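Chemist: Below is entry.pdb; it holds PDB, C-alpha atoms.
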ATOM      1  CA  MET A   1       0.000   0.000   0.000
ATOM      2  CA  HIS A   2       2.857   2.337   0.864
ATOM      3  CA  GLN A   3       4.380   1.878  -2.612
ATOM      4  CA  TYR A   4       1.011   2.601  -4.268
ATOM      5  CA  THR A   5       0.676   5.879  -2.320
ATOM      6  CA  ARG A   6       4.235   6.854  -3.206
ATOM      7  CA  TRP A   7       3.631   6.354  -6.964
ATOM      8  CA  LEU A   8       0.354   8.253  -6.740
ATOM      9  CA  MET A   9       2.121  11.225  -5.078
ATOM     10  CA  ILE A  10       4.865  11.199  -7.739
ATOM     11  CA  LEU A  11       2.272  11.138 -10.543
ATOM     12  CA  LEU A  12       0.273  13.929  -8.914
ATOM     13  CA  SER A  13       3.419  16.045  -8.430
ATOM     14  CA  LEU A  14       4.443  15.601 -12.068
ATOM     15  CA  SER A  15       1.005  16.547 -13.359
ATOM     16  CA  LEU A  16       0.883  19.669 -11.158
ATOM     17  CA  PHE A  17       4.395  20.612 -12.282
ATOM     18  CA  SER A  18       3.480  20.270 -15.969
ATOM     19  CA  VAL A  19       0.329  22.376 -15.536
ATOM     20  CA  GLY A  20       2.275  25.056 -13.682
ATOM     21  CA  CYS A  21       4.920  25.233 -16.402
ATOM     22  CA  SER A  22       2.535  25.433 -19.333
ATOM     23  CA  LYS A  23       2.148  28.804 -20.966
ATOM     24  CA  PRO A  24      -1.246  30.501 -20.690
ATOM     25  CA  SER A  25      -3.473  30.116 -23.714
ATOM     26  CA  GLU A  26      -3.828  33.138 -25.958
ATOM     27  CA  PRO A  27      -7.288  34.361 -26.918
ATOM     28  CA  ASP A  28      -8.662  32.921 -30.120
ATOM     29  CA  VAL A  29      -8.487  35.789 -32.620
ATOM     30  CA  LYS A  30     -11.238  34.311 -34.810
ATOM     31  CA  LYS A  31     -13.682  34.096 -31.891
ATOM     32  CA  THR A  32     -12.826  37.639 -30.777
ATOM     33  CA  LYS A  33     -13.415  39.042 -34.278
ATOM     34  CA  ALA A  34     -16.655  37.082 -34.651
ATOM     35  CA  LYS A  35     -17.980  38.439 -31.378
ATOM     36  CA  ALA A  36     -16.977  41.965 -32.382
ATOM     37  CA  SER A  37     -18.862  41.728 -35.680
ATOM     38  CA  PHE A  38     -21.920  40.340 -33.876
ATOM     39  CA  GLU A  39     -21.825  43.420 -31.655
ATOM     40  CA  ASN A  40     -21.726  45.631 -34.775
ATOM     41  CA  ARG A  41     -25.244  47.033 -34.408
ATOM     42  CA  TYR A  42     -26.544  50.198 -35.979
ATOM     43  CA  ASN A  43     -27.118  52.916 -33.418
ATOM     44  CA  ASP A  44     -30.699  54.154 -33.005
ATOM     45  CA  GLU A  45     -29.467  57.639 -32.131
ATOM     46  CA  LYS A  46     -27.930  58.193 -35.580
ATOM     47  CA  TYR A  47     -31.155  57.655 -37.529
ATOM     48  CA  ARG A  48     -34.724  58.915 -37.613
ATOM     49  CA  VAL A  49     -37.790  57.721 -39.483
ATOM     50  CA  ASP A  50     -38.076  59.238 -42.959
ATOM     51  CA  LYS A  51     -41.386  61.134 -42.765
ATOM     52  CA  ASN A  52     -41.813  61.018 -46.574
ATOM     53  CA  ALA A  53     -41.510  57.242 -46.830
ATOM     54  CA  LYS A  54     -44.455  54.936 -46.430
ATOM     55  CA  VAL A  55     -44.462  52.337 -43.677
ATOM     56  CA  GLU A  56     -44.590  48.786 -44.997
ATOM     57  CA  ILE A  57     -46.201  45.890 -43.134
ATOM     58  CA  GLY A  58     -45.701  42.307 -44.201
ATOM     59  CA  ILE A  59     -44.096  38.960 -43.518
ATOM     60  CA  ALA A  60     -40.361  38.679 -42.771
ATOM     61  CA  SER A  61     -38.143  35.630 -42.901
ATOM     62  CA  TYR A  62     -34.393  35.180 -42.509
ATOM     63  CA  TYR A  63     -31.484  33.918 -44.598
ATOM     64  CA  ALA A  64     -30.209  30.408 -44.143
ATOM     65  CA  ASN A  65     -26.613  29.895 -43.013
ATOM     66  CA  ALA A  66     -25.876  28.394 -46.442
ATOM     67  CA  MET A  67     -25.757  31.951 -47.813
ATOM     68  CA  ASN A  68     -22.923  32.940 -45.461
ATOM     69  CA  GLY A  69     -19.874  34.077 -47.429
ATOM     70  CA  ARG A  70     -21.737  34.623 -50.713
ATOM     71  CA  ARG A  71     -21.944  37.939 -52.509
ATOM     72  CA  THR A  72     -25.089  40.032 -52.128
ATOM     73  CA  ALA A  73     -26.640  42.245 -54.808
ATOM     74  CA  SER A  74     -24.679  45.212 -53.404
ATOM     75  CA  GLY A  75     -21.392  43.343 -53.831
ATOM     76  CA  GLU A  76     -20.894  42.894 -50.083
ATOM     77  CA  ILE A  77     -20.214  39.447 -48.674
ATOM     78  CA  TYR A  78     -23.150  38.158 -46.641
ATOM     79  CA  ASP A  79     -22.242  37.657 -42.996
ATOM     80  CA  THR A  80     -24.779  36.021 -40.676
ATOM     81  CA  LYS A  81     -23.497  38.134 -37.775
ATOM     82  CA  LYS A  82     -24.170  41.519 -39.397
ATOM     83  CA  TYR A  83     -27.437  43.428 -39.346
ATOM     84  CA  THR A  84     -28.459  43.330 -42.999
ATOM     85  CA  ALA A  85     -31.520  42.487 -45.074
ATOM     86  CA  ALA A  86     -32.816  41.779 -48.557
ATOM     87  CA  HIS A  87     -35.706  43.840 -49.930
ATOM     88  CA  ARG A  88     -37.182  43.825 -53.436
ATOM     89  CA  SER A  89     -37.477  47.546 -54.101
ATOM     90  CA  LEU A  90     -35.691  49.710 -51.506
ATOM     91  CA  PRO A  91     -32.394  51.135 -52.777
ATOM     92  CA  LEU A  92     -29.313  49.170 -51.751
ATOM     93  CA  GLY A  93     -27.678  50.820 -48.743
ATOM     94  CA  THR A  94     -31.006  52.005 -47.310
ATOM     95  CA  MET A  95     -31.280  51.769 -43.539
ATOM     96  CA  VAL A  96     -34.593  50.471 -42.177
ATOM     97  CA  ARG A  97     -36.038  49.719 -38.772
ATOM     98  CA  VAL A  98     -37.786  46.347 -38.696
ATOM     99  CA  THR A  99     -40.207  45.837 -35.815
ATOM    100  CA  MET A 100     -41.730  42.449 -35.059
ATOM    101  CA  LEU A 101     -45.391  43.190 -34.377
ATOM    102  CA  GLN A 102     -45.908  40.152 -32.147
ATOM    103  CA  ASN A 103     -43.364  41.174 -29.492
ATOM    104  CA  GLY A 104     -42.506  44.831 -30.260
ATOM    105  CA  LYS A 105     -38.762  44.157 -30.651
ATOM    106  CA  SER A 106     -36.965  46.107 -33.372
ATOM    107  CA  VAL A 107     -33.632  46.153 -35.153
ATOM    108  CA  ILE A 108     -31.974  48.563 -37.577
ATOM    109  CA  VAL A 109     -30.622  46.869 -40.704
ATOM    110  CA  LYS A 110     -28.964  47.879 -43.952
ATOM    111  CA  VAL A 111     -30.538  46.686 -47.199
ATOM    112  CA  ASN A 112     -27.697  45.069 -49.146
ATOM    113  CA  ASP A 113     -29.485  42.407 -51.189
ATOM    114  CA  ARG A 114     -32.603  41.718 -53.252
ATOM    115  CA  GLY A 115     -35.432  39.458 -52.136
ATOM    116  CA  SER A 116     -37.454  37.912 -50.703
ATOM    117  CA  TYR A 117     -38.635  35.997 -53.704
ATOM    118  CA  VAL A 118     -41.113  33.926 -51.707
ATOM    119  CA  LYS A 119     -44.680  35.028 -52.384
ATOM    120  CA  GLY A 120     -46.123  37.132 -49.572
ATOM    121  CA  ARG A 121     -42.800  38.003 -47.921
ATOM    122  CA  VAL A 122     -41.490  41.570 -47.935
ATOM    123  CA  ILE A 123     -38.034  41.243 -46.349
ATOM    124  CA  ASP A 124     -35.357  38.636 -45.637
ATOM    125  CA  LEU A 125     -33.238  39.354 -42.567
ATOM    126  CA  SER A 126     -29.744  38.195 -41.672
ATOM    127  CA  TRP A 127     -29.486  35.604 -38.912
ATOM    128  CA  ALA A 128     -28.257  38.197 -36.358
ATOM    129  CA  SER A 129     -31.186  40.506 -37.159
ATOM    130  CA  ALA A 130     -33.686  37.660 -36.858
ATOM    131  CA  GLN A 131     -32.068  36.565 -33.598
ATOM    132  CA  LYS A 132     -32.420  40.057 -32.113
ATOM    133  CA  LEU A 133     -36.100  40.161 -33.092
ATOM    134  CA  GLY A 134     -36.814  36.694 -31.697
ATOM    135  CA  LEU A 135     -37.686  35.370 -35.152
ATOM    136  CA  ILE A 136     -35.434  32.295 -35.255
ATOM    137  CA  ARG A 137     -37.832  29.799 -33.722
ATOM    138  CA  ALA A 138     -40.909  30.899 -35.705
ATOM    139  CA  GLY A 139     -39.020  31.363 -38.988
ATOM    140  CA  ILE A 140     -41.451  34.003 -40.254
ATOM    141  CA  ALA A 141     -43.342  36.836 -38.580
ATOM    142  CA  LYS A 142     -45.400  39.913 -39.352
ATOM    143  CA  VAL A 143     -43.227  43.036 -39.236
ATOM    144  CA  LYS A 144     -43.364  46.781 -39.755
ATOM    145  CA  ILE A 145     -40.624  48.271 -41.944
ATOM    146  CA  GLU A 146     -39.749  51.957 -41.585
ATOM    147  CA  LYS A 147     -37.249  53.640 -43.878
ATOM    148  CA  LEU A 148     -34.709  55.677 -41.931
ATOM    149  CA  GLU A 149     -32.605  58.714 -42.736
ATOM    150  CA  LYS A 150     -29.327  59.661 -41.137
ATOM    151  CA  MET A 151     -29.381  62.565 -38.691
ATOM    152  CA  TYR A 152     -26.627  65.113 -39.135
TER     153      TYR A 152
END
Output the structure of this file as structure tokens.
Modeler:
Amino acid sequence: MHQYTRWLMILLSLSLFSVGCSKPSEPDVKKTKAKASFENRYNDEKYRVDKNAKVEIGIASYYANAMNGRRTASGEIYDTKKYTAAHRSLPLGTMVRVTMLQNGKSVIVKVNDRGSYVKGRVIDLSWASAQKLGLIRAGIAKVKIEKLEKMY
């Protein structure tokens, strides 16, 4: 029994020594950048509702992850973590506030693509935008779309 305890103490000492001598792990740059882009939200204080634009109400859906990394109609690369959307007729680069009527949550997105091409849908949101609205589980929801203008 004494020999068993001795070997156990030696093994424990070696493992503690190796842990103590290991260098601390460095932060994963990819994860840090991904989190930063997810935090890249458009600030409500920089925009106001365009009084001349009509409010649109309709059904919204969101892009599948399969689109991630593909080019949008504006030439930008689609990123699931950015607040963007596809709309059939609004000019590319237009900022809009999308409000989910069921829960009152809203998000500001930039129109950078064309769509939705599914009958009855007015806008396709990026995954991050849909997540913020609480749209992921339902997949589609009735929304209000307000065109915004930048405040100077």
Chemist: Mind giving me the straight-line distance from CA of Lys150 (chain A) to CA of Gln102 (chain A) in Å, one decimal?
Modeler: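 Computing it gives 27.1 Å between the two atoms.
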Chemist: (-29.7, 35.5, -34.8) in this file's frame - what residues fall within 12 Å of it? Use only C-alpha atoms and give the answer as an NGL selection string.
Modeler: :A and (38-39 or 61-65 or 79-84 or 107 or 125-137 or 139)
Chemist: In Å, how far is it from CA of Asp124 (chain A) to CA of Arg48 (chain A)?
Modeler: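 Atom-to-atom, CA of Asp124 (chain A) and CA of Arg48 (chain A) are spaced 21.8 Å apart.
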Chemist: Could you tell me which residues the PyMOL selection byres ((chain A and resi 142) around 9) returns for this structure, as a list in words?
Modeler: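 When the PyMOL selection byres ((chain A and resi 142) around 9) is applied, the selected residues are Ile57, Gly58, Ile59, Ala60, Thr99, Met100, Leu101, Gln102, Ile140, Ala141, Val143 and Lys144 of chain A.
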Chemist: Keeping only C-alpha atoms, write the selected residues to a file as a CSV table (one decimal), in the coordinates of the input.
Modeler:
chain,number,residue,atom,x,y,z
A,57,ILE,CA,-46.2,45.9,-43.1
A,58,GLY,CA,-45.7,42.3,-44.2
A,59,ILE,CA,-44.1,39.0,-43.5
A,60,ALA,CA,-40.4,38.7,-42.8
A,99,THR,CA,-40.2,45.8,-35.8
A,100,MET,CA,-41.7,42.4,-35.1
A,101,LEU,CA,-45.4,43.2,-34.4
A,102,GLN,CA,-45.9,40.2,-32.1
A,140,ILE,CA,-41.5,34.0,-40.3
A,141,ALA,CA,-43.3,36.8,-38.6
A,143,VAL,CA,-43.2,43.0,-39.2
A,144,LYS,CA,-43.4,46.8,-39.8
Chemist: Between CA of Arg88 (chain A) and CA of Ala138 (chain A), measure the distance and give it in Å to one decimal.
Modeler: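 Separation of CA of Arg88 (chain A) and CA of Ala138 (chain A): 22.3 Å.
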Chemist: Given the choices A:Asn43, A:Thr94, A:Ser89, A:Asn103, which gets closest to Tyr117 (chain A) if the distance is worked out from only C-alpha atoms?
Modeler: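 Between A:Asn43, A:Thr94, A:Ser89, A:Asn103, the residue approaching Tyr117 (chain A) most closely is A:Ser89.
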Chemist: Check the smallest atom-to-atom distance from each of A:Val96, A:Ile145, A:Val122, A:Ala85 to Asp44 (chain A) using only C-alpha atoms, then report the winner.
Modeler: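 Ranking A:Val96, A:Ile145, A:Val122, A:Ala85 by distance to Asp44 (chain A), first place goes to A:Val96.
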Chemist: Please identify all polymer residues within 6 Å of region 112-114 of chain A, counting only C-alpha atoms, omitting same-chain residues fewer than 6 positions from it, and present them as a list of chain:residue names.
Modeler: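 My reading of the contact set: A:Thr72, A:Ala73, A:Ser74, A:Ala86, A:His87, A:Arg88, A:Leu92, A:Gly93.
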Chemist: I'd like the contact shell of Lys147 (chain A) - 8 Å cut-off, all atoms listed in the file, skipping same-chain residues fewer than 3 positions apart - returned as a list in words.
Modeler: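 Near Lys147 (chain A), the qualifying residues are Val49, Asp50, Ala53, Lys54, Val55, Thr94, Met95, Val96 and Arg97 of chain A.
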Chemist: Would you output that residue set with C-alpha atoms, as a PDB file, in the coordinates of the input?
Modeler:
ATOM      1  CA  VAL A  49     -37.790  57.721 -39.483  1.00  0.00           C
ATOM      2  CA  ASP A  50     -38.076  59.238 -42.959  1.00  0.00           C
ATOM      3  CA  ALA A  53     -41.510  57.242 -46.830  1.00  0.00           C
ATOM      4  CA  LYS A  54     -44.455  54.936 -46.430  1.00  0.00           C
ATOM      5  CA  VAL A  55     -44.462  52.337 -43.677  1.00  0.00           C
ATOM      6  CA  THR A  94     -31.006  52.005 -47.310  1.00  0.00           C
ATOM      7  CA  MET A  95     -31.280  51.769 -43.539  1.00  0.00           C
ATOM      8  CA  VAL A  96     -34.593  50.471 -42.177  1.00  0.00           C
ATOM      9  CA  ARG A  97     -36.038  49.719 -38.772  1.00  0.00           C
TER      10      ARG A  97
END
